[in-house]
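Colleague: Please find query-v1.cif (mmCIF, C-alpha atoms) on the next line:
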data_my_file
#
loop_
_atom_site.group_PDB
_atom_site.id
_atom_site.type_symbol
_atom_site.label_atom_id
_atom_site.label_comp_id
_atom_site.auth_asym_id
_atom_site.auth_seq_id
_atom_site.Cartn_x
_atom_site.Cartn_y
_atom_site.Cartn_z
ATOM 1 C CA MET W 1 -16.451 92.718 98.723
ATOM 2 C CA GLY W 2 -18.885 95.127 100.360
ATOM 3 C CA PRO W 3 -18.369 97.489 103.287
ATOM 4 C CA ASP W 4 -16.030 96.727 106.171
ATOM 5 C CA LYS W 5 -17.425 94.998 109.229
ATOM 6 C CA GLU W 6 -16.165 96.548 112.457
ATOM 7 C CA ILE W 7 -16.677 94.564 115.654
ATOM 8 C CA ALA W 8 -15.785 96.068 119.019
ATOM 9 C CA PHE W 9 -15.626 93.730 121.993
ATOM 10 C CA VAL W 10 -16.257 95.473 125.318
ATOM 11 C CA LEU W 11 -14.631 93.263 127.944
ATOM 12 C CA ASP W 12 -15.653 93.489 131.590
ATOM 13 C CA GLY W 13 -12.412 93.319 133.570
ATOM 14 C CA SER W 14 -13.867 94.664 136.808
ATOM 15 C CA GLY W 15 -13.552 93.123 140.254
ATOM 16 C CA SER W 16 -16.897 91.346 139.940
ATOM 17 C CA ILE W 17 -15.445 89.044 137.253
ATOM 18 C CA GLY W 18 -13.514 86.028 138.503
ATOM 19 C CA PRO W 19 -10.107 85.295 136.924
ATOM 20 C CA GLU W 20 -11.380 82.085 135.306
ATOM 21 C CA ASP W 21 -14.360 83.861 133.755
ATOM 22 C CA PHE W 22 -12.100 86.662 132.526
ATOM 23 C CA GLU W 23 -9.831 84.152 130.786
ATOM 24 C CA SER W 24 -12.875 82.399 129.335
ATOM 25 C CA ALA W 25 -14.088 85.711 127.895
ATOM 26 C CA LYS W 26 -10.652 86.300 126.345
ATOM 27 C CA ASP W 27 -10.750 82.806 124.840
ATOM 28 C CA PHE W 28 -14.154 83.574 123.350
ATOM 29 C CA ILE W 29 -12.865 86.783 121.749
ATOM 30 C CA TYR W 30 -9.741 85.018 120.472
ATOM 31 C CA ASN W 31 -11.712 82.195 118.863
ATOM 32 C CA VAL W 32 -14.283 84.477 117.256
ATOM 33 C CA MET W 33 -11.579 86.714 115.801
ATOM 34 C CA LYS W 34 -9.501 83.794 114.548
ATOM 35 C CA LYS W 35 -12.402 81.993 112.893
ATOM 36 C CA LEU W 36 -13.942 85.092 111.334
ATOM 37 C CA TRP W 37 -10.604 86.289 109.975
ATOM 38 C CA GLU W 38 -10.279 82.964 108.158
ATOM 39 C CA ARG W 39 -13.465 83.753 106.226
ATOM 40 C CA CYS W 40 -13.990 87.515 106.387
ATOM 41 C CA VAL W 41 -11.165 89.528 104.835
ATOM 42 C CA ASN W 42 -12.917 92.831 105.502
ATOM 43 C CA CYS W 43 -13.646 92.214 109.208
ATOM 44 C CA LYS W 44 -11.880 94.533 111.645
ATOM 45 C CA PHE W 45 -11.816 94.090 115.415
ATOM 46 C CA ALA W 46 -11.256 96.257 118.450
ATOM 47 C CA ILE W 47 -11.188 95.346 122.136
ATOM 48 C CA VAL W 48 -11.945 97.723 124.976
ATOM 49 C CA GLN W 49 -11.510 96.542 128.568
ATOM 50 C CA TYR W 50 -12.941 98.292 131.582
ATOM 51 C CA GLY W 51 -12.668 98.203 135.354
ATOM 52 C CA ASN W 52 -12.197 101.511 137.146
ATOM 53 C CA ILE W 53 -10.663 102.801 133.900
ATOM 54 C CA VAL W 54 -11.371 102.171 130.234
ATOM 55 C CA ARG W 55 -8.531 100.933 128.059
ATOM 56 C CA THR W 56 -8.346 100.155 124.340
ATOM 57 C CA GLU W 57 -6.544 96.810 124.210
ATOM 58 C CA LEU W 58 -6.769 96.446 120.422
ATOM 59 C CA SER W 59 -7.673 99.074 117.834
ATOM 60 C CA LEU W 60 -9.246 98.683 114.406
ATOM 61 C CA THR W 61 -5.950 99.713 112.825
ATOM 62 C CA GLU W 62 -4.206 96.558 114.091
ATOM 63 C CA LYS W 63 -5.833 94.103 111.660
ATOM 64 C CA ASN W 64 -2.908 93.876 109.244
ATOM 65 C CA ASP W 65 -1.000 91.406 111.422
ATOM 66 C CA ALA W 66 -3.579 88.879 112.618
ATOM 67 C CA ARG W 67 -1.044 86.809 114.555
ATOM 68 C CA GLU W 68 0.157 89.824 116.528
ATOM 69 C CA ALA W 69 -3.421 90.938 117.189
ATOM 70 C CA LEU W 70 -4.365 87.504 118.534
ATOM 71 C CA GLU W 71 -1.278 87.513 120.762
ATOM 72 C CA LYS W 72 -2.444 90.833 122.192
ATOM 73 C CA VAL W 73 -5.748 89.200 123.130
ATOM 74 C CA LYS W 74 -3.931 86.436 125.021
ATOM 75 C CA ASN W 75 -1.823 88.979 126.911
ATOM 76 C CA ILE W 76 -4.648 91.203 128.170
ATOM 77 C CA GLN W 77 -4.343 91.692 131.939
ATOM 78 C CA GLN W 78 -7.460 92.201 134.037
ATOM 79 C CA ILE W 79 -7.944 95.748 135.374
ATOM 80 C CA LEU W 80 -10.249 94.878 138.339
ATOM 81 C CA SER W 81 -11.981 97.503 140.534
ATOM 82 C CA TYR W 82 -15.213 99.284 139.446
ATOM 83 C CA THR W 83 -17.702 98.224 136.759
ATOM 84 C CA ILE W 84 -18.164 101.195 134.426
ATOM 85 C CA THR W 85 -19.965 99.502 131.562
ATOM 86 C CA ALA W 86 -21.682 102.625 130.217
ATOM 87 C CA SER W 87 -18.401 104.534 130.116
ATOM 88 C CA ALA W 88 -16.755 101.663 128.236
ATOM 89 C CA ILE W 89 -19.475 101.549 125.585
ATOM 90 C CA ASN W 90 -19.267 105.322 125.237
ATOM 91 C CA HIS W 91 -15.495 104.953 124.794
ATOM 92 C CA VAL W 92 -16.151 102.774 121.736
ATOM 93 C CA LEU W 93 -18.375 105.468 120.237
ATOM 94 C CA GLU W 94 -15.954 108.293 121.005
ATOM 95 C CA HIS W 95 -12.550 106.668 120.528
ATOM 96 C CA VAL W 96 -12.906 103.448 118.496
ATOM 97 C CA PHE W 97 -15.583 103.970 115.847
ATOM 98 C CA VAL W 98 -13.882 107.146 114.608
ATOM 99 C CA PRO W 99 -11.928 107.757 111.363
ATOM 100 C CA GLU W 100 -8.644 108.584 113.083
ATOM 101 C CA LYS W 101 -8.703 105.116 114.679
ATOM 102 C CA GLY W 102 -9.368 103.252 111.439
ATOM 103 C CA SER W 103 -13.169 103.297 111.338
ATOM 104 C CA ARG W 104 -15.068 103.922 108.114
ATOM 105 C CA GLU W 105 -18.351 105.801 108.024
ATOM 106 C CA ASP W 106 -19.941 103.263 105.652
ATOM 107 C CA SER W 107 -18.854 100.171 107.594
ATOM 108 C CA LYS W 108 -21.222 97.867 109.443
ATOM 109 C CA LYS W 109 -20.593 98.269 113.155
ATOM 110 C CA MET W 110 -21.244 95.955 116.074
ATOM 111 C CA ILE W 111 -20.575 96.183 119.805
ATOM 112 C CA ILE W 112 -20.402 92.928 121.781
ATOM 113 C CA VAL W 113 -20.327 93.427 125.549
ATOM 114 C CA LEU W 114 -18.968 90.544 127.634
ATOM 115 C CA THR W 115 -20.121 91.235 131.172
ATOM 116 C CA ASP W 116 -21.839 89.891 134.281
ATOM 117 C CA ARG W 117 -24.274 92.810 133.799
ATOM 118 C CA ARG W 118 -23.482 94.555 137.079
ATOM 119 C CA ILE W 119 -22.661 98.271 137.018
ATOM 120 C CA PHE W 120 -20.858 99.924 139.933
ATOM 121 C CA LEU W 121 -19.692 103.535 140.361
ATOM 122 C CA ASP W 122 -20.101 104.397 136.682
ATOM 123 C CA PRO W 123 -20.217 108.186 136.139
ATOM 124 C CA MET W 124 -22.224 107.687 132.945
ATOM 125 C CA ASN W 125 -25.820 106.543 132.525
ATOM 126 C CA LEU W 126 -26.224 103.377 130.469
ATOM 127 C CA THR W 127 -29.592 104.349 128.984
ATOM 128 C CA ALA W 128 -28.226 107.725 127.908
ATOM 129 C CA VAL W 129 -25.265 106.076 126.184
ATOM 130 C CA LEU W 130 -27.418 103.482 124.418
ATOM 131 C CA ASN W 131 -29.749 106.228 123.182
ATOM 132 C CA SER W 132 -26.890 108.419 121.965
ATOM 133 C CA PRO W 133 -27.138 109.576 118.321
ATOM 134 C CA LYS W 134 -23.737 107.962 117.757
ATOM 135 C CA MET W 135 -25.291 104.577 118.557
ATOM 136 C CA GLN W 136 -27.554 104.823 115.514
ATOM 137 C CA ASN W 137 -26.976 101.900 113.129
ATOM 138 C CA VAL W 138 -24.612 100.211 115.595
ATOM 139 C CA VAL W 139 -25.750 96.667 116.339
ATOM 140 C CA ARG W 140 -25.143 95.676 119.940
ATOM 141 C CA PHE W 141 -25.707 92.766 122.245
ATOM 142 C CA ALA W 142 -24.388 91.419 125.524
ATOM 143 C CA ILE W 143 -22.876 88.025 126.259
ATOM 144 C CA GLY W 144 -21.943 86.719 129.660
ATOM 145 C CA ASN W 145 -23.008 85.441 133.044
ATOM 146 C CA THR W 146 -26.591 86.647 133.068
ATOM 147 C CA THR W 147 -28.362 87.622 136.230
ATOM 148 C CA THR W 148 -31.597 85.874 137.167
ATOM 149 C CA GLY W 149 -34.437 86.864 134.885
ATOM 150 C CA ASP W 150 -32.205 88.449 132.242
ATOM 151 C CA PRO W 151 -33.471 87.456 128.789
ATOM 152 C CA GLY W 152 -29.965 86.951 127.420
ATOM 153 C CA THR W 153 -28.992 86.111 123.859
ATOM 154 C CA GLU W 154 -30.036 83.064 121.842
ATOM 155 C CA ILE W 155 -27.937 81.976 118.870
ATOM 156 C CA ALA W 156 -29.082 79.412 116.314
ATOM 157 C CA PHE W 157 -26.435 77.965 114.022
ATOM 158 C CA VAL W 158 -27.817 76.720 110.711
ATOM 159 C CA LEU W 159 -25.289 74.179 109.471
ATOM 160 C CA ASP W 160 -25.093 73.199 105.806
ATOM 161 C CA GLY W 161 -24.735 69.413 105.857
ATOM 162 C CA SER W 162 -25.828 68.941 102.261
ATOM 163 C CA GLY W 163 -23.979 67.008 99.607
ATOM 164 C CA SER W 164 -22.321 70.151 98.268
ATOM 165 C CA THR W 165 -20.320 70.582 101.491
ATOM 166 C CA GLU W 166 -17.072 68.633 101.660
ATOM 167 C CA PRO W 167 -16.581 66.471 104.796
ATOM 168 C CA GLU W 168 -13.474 68.444 105.808
ATOM 169 C CA ASP W 169 -15.361 71.741 105.544
ATOM 170 C CA PHE W 170 -18.262 70.267 107.510
ATOM 171 C CA GLU W 171 -15.894 69.363 110.357
ATOM 172 C CA LYS W 172 -14.392 72.868 110.279
ATOM 173 C CA ALA W 173 -17.871 74.354 110.582
ATOM 174 C CA LYS W 174 -18.592 72.124 113.595
ATOM 175 C CA ASP W 175 -15.319 73.262 115.127
ATOM 176 C CA LEU W 176 -16.310 76.904 114.681
ATOM 177 C CA ILE W 177 -19.597 76.259 116.463
ATOM 178 C CA SER W 178 -17.824 74.513 119.344
ATOM 179 C CA LYS W 179 -15.366 77.371 119.740
ATOM 180 C CA VAL W 180 -17.982 80.074 120.199
ATOM 181 C CA MET W 181 -20.819 78.286 122.028
ATOM 182 C CA LYS W 182 -19.679 79.072 125.549
ATOM 183 C CA LYS W 183 -21.354 82.306 126.538
ATOM 184 C CA CYS W 184 -24.973 82.182 125.320
ATOM 185 C CA LYS W 185 -27.861 79.826 124.765
ATOM 186 C CA PHE W 186 -27.250 77.953 121.526
ATOM 187 C CA ALA W 187 -29.133 75.779 119.118
ATOM 188 C CA VAL W 188 -27.771 73.922 116.099
ATOM 189 C CA VAL W 189 -29.884 72.996 113.084
ATOM 190 C CA GLN W 190 -28.355 70.912 110.310
ATOM 191 C CA TYR W 191 -29.863 70.629 106.877
ATOM 192 C CA GLY W 192 -29.740 68.219 104.003
ATOM 193 C CA ASN W 193 -32.838 66.920 105.584
ATOM 194 C CA ILE W 194 -33.536 69.189 108.571
ATOM 195 C CA ILE W 195 -32.570 68.065 112.066
ATOM 196 C CA THR W 196 -32.373 70.066 115.278
ATOM 197 C CA GLU W 197 -29.036 68.754 116.523
ATOM 198 C CA LEU W 198 -29.062 70.865 119.696
ATOM 199 C CA SER W 199 -32.002 72.745 121.183
ATOM 200 C CA LEU W 200 -31.998 75.777 123.454
ATOM 201 C CA LEU W 201 -33.228 73.471 126.230
ATOM 202 C CA GLU W 202 -29.951 71.524 126.166
ATOM 203 C CA ASN W 203 -27.676 74.337 127.337
ATOM 204 C CA ASN W 204 -27.592 73.596 131.061
ATOM 205 C CA ASP W 205 -24.819 71.035 130.636
ATOM 206 C CA LYS W 206 -22.263 72.761 128.393
ATOM 207 C CA LYS W 207 -19.935 69.768 128.315
ATOM 208 C CA LYS W 208 -22.702 67.493 127.075
ATOM 209 C CA ALA W 209 -23.842 70.112 124.561
ATOM 210 C CA LEU W 210 -20.318 70.416 123.140
ATOM 211 C CA GLU W 211 -20.111 66.644 122.839
ATOM 212 C CA LYS W 212 -23.355 66.643 120.869
ATOM 213 C CA VAL W 213 -21.869 69.141 118.418
ATOM 214 C CA LYS W 214 -18.719 67.047 118.008
ATOM 215 C CA ASP W 215 -20.843 63.967 117.291
ATOM 216 C CA ILE W 216 -22.987 65.544 114.552
ATOM 217 C CA GLN W 217 -22.932 63.388 111.414
ATOM 218 C CA GLN W 218 -23.277 65.018 108.019
ATOM 219 C CA ILE W 219 -26.665 64.402 106.381
ATOM 220 C CA LYS W 220 -25.715 65.077 102.721
ATOM 221 C CA GLN W 221 -28.673 65.312 100.281
ATOM 222 C CA HIS W 222 -30.212 68.601 99.083
ATOM 223 C CA THR W 223 -29.250 72.171 100.026
ATOM 224 C CA ILE W 224 -32.471 73.511 101.531
ATOM 225 C CA THR W 225 -31.144 76.620 103.235
ATOM 226 C CA ALA W 226 -34.420 78.564 103.235
ATOM 227 C CA SER W 227 -36.309 75.657 104.786
ATOM 228 C CA ALA W 228 -33.643 75.309 107.480
ATOM 229 C CA ILE W 229 -33.844 78.989 108.423
ATOM 230 C CA ASN W 230 -37.622 78.727 108.507
ATOM 231 C CA HIS W 231 -37.238 75.711 110.810
ATOM 232 C CA VAL W 232 -35.394 77.943 113.286
ATOM 233 C CA LEU W 233 -38.270 80.424 113.239
ATOM 234 C CA GLU W 234 -40.955 77.762 113.599
ATOM 235 C CA HIS W 235 -39.322 75.191 115.876
ATOM 236 C CA VAL W 236 -36.274 76.694 117.652
ATOM 237 C CA PHE W 237 -37.102 80.280 118.582
ATOM 238 C CA VAL W 238 -40.346 79.192 120.245
ATOM 239 C CA ALA W 239 -41.288 79.088 123.928
ATOM 240 C CA GLU W 240 -41.909 75.336 124.077
ATOM 241 C CA ASN W 241 -38.311 74.723 122.996
ATOM 242 C CA GLY W 242 -36.703 77.066 125.506
ATOM 243 C CA SER W 243 -36.800 80.432 123.734
ATOM 244 C CA ARG W 244 -37.766 83.632 125.514
ATOM 245 C CA GLU W 245 -39.808 86.253 123.721
ATOM 246 C CA ASP W 246 -37.697 89.111 125.105
ATOM 247 C CA SER W 247 -34.299 87.562 124.334
ATOM 248 C CA LYS W 248 -31.987 88.861 121.633
ATOM 249 C CA LYS W 249 -31.839 86.360 118.796
ATOM 250 C CA ILE W 250 -29.157 85.660 116.211
ATOM 251 C CA ILE W 251 -29.100 83.232 113.288
ATOM 252 C CA ILE W 252 -25.679 82.277 111.904
ATOM 253 C CA VAL W 253 -25.794 80.317 108.645
ATOM 254 C CA LEU W 254 -22.688 78.272 107.813
ATOM 255 C CA THR W 255 -23.010 77.438 104.142
ATOM 256 C CA ASP W 256 -21.160 77.064 100.853
ATOM 257 C CA GLY W 257 -23.604 79.575 99.387
ATOM 258 C CA ARG W 258 -25.680 77.263 97.194
ATOM 259 C CA ILE W 259 -29.370 76.367 97.406
ATOM 260 C CA PHE W 260 -30.680 73.297 95.597
ATOM 261 C CA LEU W 261 -34.185 71.755 95.462
ATOM 262 C CA ASP W 262 -35.471 73.881 98.328
ATOM 263 C CA PRO W 263 -39.290 73.986 98.393
ATOM 264 C CA MET W 264 -39.185 77.340 100.185
ATOM 265 C CA ASN W 265 -38.135 80.724 98.820
ATOM 266 C CA LEU W 266 -35.226 82.344 100.661
ATOM 267 C CA THR W 267 -36.416 85.920 100.175
ATOM 268 C CA THR W 268 -39.846 85.015 101.524
ATOM 269 C CA VAL W 269 -38.331 83.444 104.634
ATOM 270 C CA LEU W 270 -35.966 86.360 105.282
ATOM 271 C CA ASN W 271 -38.874 88.804 104.960
ATOM 272 C CA SER W 272 -41.133 86.783 107.251
ATOM 273 C CA PRO W 273 -42.673 88.726 110.175
ATOM 274 C CA LYS W 274 -41.074 86.157 112.495
ATOM 275 C CA MET W 275 -37.654 87.342 111.306
ATOM 276 C CA HIS W 276 -38.320 90.796 112.765
ATOM 277 C CA ASN W 277 -35.575 91.856 115.210
ATOM 278 C CA ILE W 278 -33.518 88.718 114.537
ATOM 279 C CA LEU W 279 -29.923 89.506 113.655
ATOM 280 C CA ARG W 280 -28.573 87.175 110.986
ATOM 281 C CA PHE W 281 -25.201 86.414 109.470
ATOM 282 C CA ALA W 282 -23.885 84.054 106.818
ATOM 283 C CA THR W 283 -20.340 82.738 106.898
ATOM 284 C CA GLY W 284 -18.847 80.727 104.058
ATOM 285 C CA ILE W 285 -17.532 77.183 104.294
ATOM 286 C CA GLY W 286 -15.611 75.441 101.551
ATOM 287 C CA PRO W 287 -14.641 76.857 98.142
ATOM 288 C CA TYR W 288 -17.518 79.330 98.080
ATOM 289 C CA GLU W 289 -16.124 81.396 95.231
ATOM 290 C CA ASN W 290 -15.803 78.293 93.035
ATOM 291 C CA HIS W 291 -19.426 77.409 93.685
ATOM 292 C CA ARG W 292 -20.480 80.889 92.676
ATOM 293 C CA GLU W 293 -18.479 80.805 89.470
ATOM 294 C CA ASN W 294 -19.740 77.353 88.469
ATOM 295 C CA SER W 295 -23.422 77.873 89.275
ATOM 296 C CA ASN W 296 -25.810 77.711 86.337
ATOM 297 C CA ASN W 297 -27.775 80.943 86.224
ATOM 298 C CA ASN W 298 -30.455 79.278 84.112
ATOM 299 C CA ASP W 299 -31.117 76.488 86.629
ATOM 300 C CA LYS W 300 -34.127 77.697 88.575
ATOM 301 C CA SER W 301 -33.786 74.892 91.119
ATOM 302 C CA SER W 302 -30.456 76.302 92.247
ATOM 303 C CA GLU W 303 -29.768 79.734 93.731
ATOM 304 C CA GLU W 304 -27.049 81.476 95.688
ATOM 305 C CA TYR W 305 -27.401 82.466 99.329
ATOM 306 C CA GLU W 306 -25.488 85.563 100.336
ATOM 307 C CA ASP W 307 -27.034 87.393 103.268
ATOM 308 C CA SER W 308 -25.733 90.899 103.691
ATOM 309 C CA GLU W 309 -27.106 91.332 107.183
#
Now, as a test, write the supplied structure out as C-alpha cells.
Modeller:
Amino acid sequence: MGPDKEIAFVLDGSGSIGPEDFESAKDFIYNVMKKLWERCVNCKFAIVQYGNIVRTELSLTEKNDAREALEKVKNIQQILSYTITASAINHVLEHVFVPEKGSREDSKKMIIVLTDRRIFLDPMNLTAVLNSPKMQNVVRFAIGNTTTGDPGTEIAFVLDGSGSTEPEDFEKAKDLISKVMKKCKFAVVQYGNIITELSLLENNDKKKALEKVKDIQQIKQHTITASAINHVLEHVFVAENGSREDSKKIIIVLTDGRIFLDPMNLTTVLNSPKMHNILRFATGIGPYENHRENSNNNDKSSEEYEDSE
C-alpha cells in the first residue's frame, strides 16, 4: 500500500476573501477530499483556517469517518479579520504534521494553501517559515485568486481514454476533473490517440472550459500513457500554449494502470530533464487491481504504470 499521504489544506478565511470565494474554496476542498478518498485508502486530510487566529478545522485523526469529516468541511465558518498566512503554514508544521495529531514520520506530506496571496499583520515571516527545517520534504503549492503577475499553478490532467477504460469509469474521471478545475490553470490531454482536449489558453472562460470537459468523447484504442505524458511536456507546458516558465506545474494521470503498444518508454519520459520540478500524481480509474492481477508479465508490449510521486 505504501506510506500514508497527508494533505493539509490551509484555508484563507481572512477579511480579504469574499463570502462567495470562501464557499468556493470549501467546495474545492470537499470535492478533492471526496474524490481522493474514493481511490486512496491511505490518504489523510487536515484543514487549517486562518484570519486573525489560526484554527484546525479538521485533523489527520478524523479520517475514519469520511462522511463526518466532509460534513465538517461544509460547516466551516469564516473567521475574517487579518491575513496571517505564514502563521497558518507554521501551525501545520507545529500542530498538524506531528505524531500526537496522527502524522507519521514516513508519510508523504503536502500543504495546499488556498489564498488571495495577501498577507496583513502577520507576526511571522513567510520566507522564514518556508525555509524552516520542518518544511523539508513537504510539498507545497498555492491555489487561489492570484494577483497580477503571479505565476500561479498549472495542472495538466492526462486522461486514459483507451480501450481498457470502461465508459462508466471514463465518465467518472471526467467528473473528477470538472470538480477540481476551479482554482488554477488547467489543461486536459486524453490518450488512446493523443488529443489536447483543453489547453492552458482556454481558462479565461471557466464555464466554457467545464463544458468542454463534459463533452469529451472517449477515444478508445491503445494505452499510450508515456506518450501522453510526453505530450504534456512538449505541447502543453510550453510558452506558446499559455504556460509560464516560473509557474508551479502538476501532472495528474487518471489511468487504469496499464500501458499497451506505447512507442515511448515511461521511465525515460519520467526521467526527462523537462520533468524537473514538475509534481506528478497517478490516480486509478476502474478495476485497477484486476488489471494488475491479469497482466501478462511476459508481454513486453504491455506494462503497468504506478507512479509513486
Colleague: Determine the nearest neighbour of Glu20 of chain W from the options W:Arg258, W:Ile177, W:Gln78, W:Asp4, counting only C-alpha atoms.
Modeller: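 That would be W:Gln78, the residue with the smallest distance to Glu20 of chain W.
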Colleague: For each of W:Val180, W:Val41, W:Val138, W:Val92, take the minimum atom-to-atom distance to Lys26 of chain W, counting only C-alpha atoms, then give the residue where this is smallest.
Modeller: W:Val180
Colleague: Can you pull out every residue within 8 Å of segment 125-132 of chain W, counting only C-alpha atoms, but drop anything in the same chain fewer than 6 positions away, and send it as a PyMOL selection string?
Modeller: chain W and resi 85-87+89-90
Colleague: Once the PyMOL selection byres ((chain W and resi 210) around 12) is applied to the coordinates I shared, what remains selected? I want it as a PyMOL selection string.
Modeller: chain W and resi 174-182+186-188+197-198+202-209+211-216
Colleague: Point out the residue among W:Trp37, W:Lys72, W:Lys274, W:Asp256 with the least atom-to-atom distance to Glu166 of chain W, counting only C-alpha atoms.
Modeller: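 Ranked by minimum distance to Glu166 of chain W, first place goes to W:Asp256.
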Colleague: What is the distance, in Å and to one decimal place, between atom CA of Leu60 of chain W and atom CA of Asp122 of chain W?
Modeller: 25.4 Å
Colleague: Just how far from atom CA of Asn52 of chain W is atom CA of Ser24 of chain W, in Å to one decimal?
Modeller: 20.7 Å
Colleague: Can you work out the spacing between atom CA of Ile155 of chain W and atom CA of Asp21 of chain W in Å, to one decimal?
Modeller: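 Result for atom CA of Ile155 of chain W versus atom CA of Asp21 of chain W: 20.2 Å, one decimal.
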Colleague: Do you know which residues the PyMOL selection byres ((chain W and resi 107) around 7) returns on this file, as a PyMOL selection string?
Modeller: chain W and resi 3-6+104-106+108-109
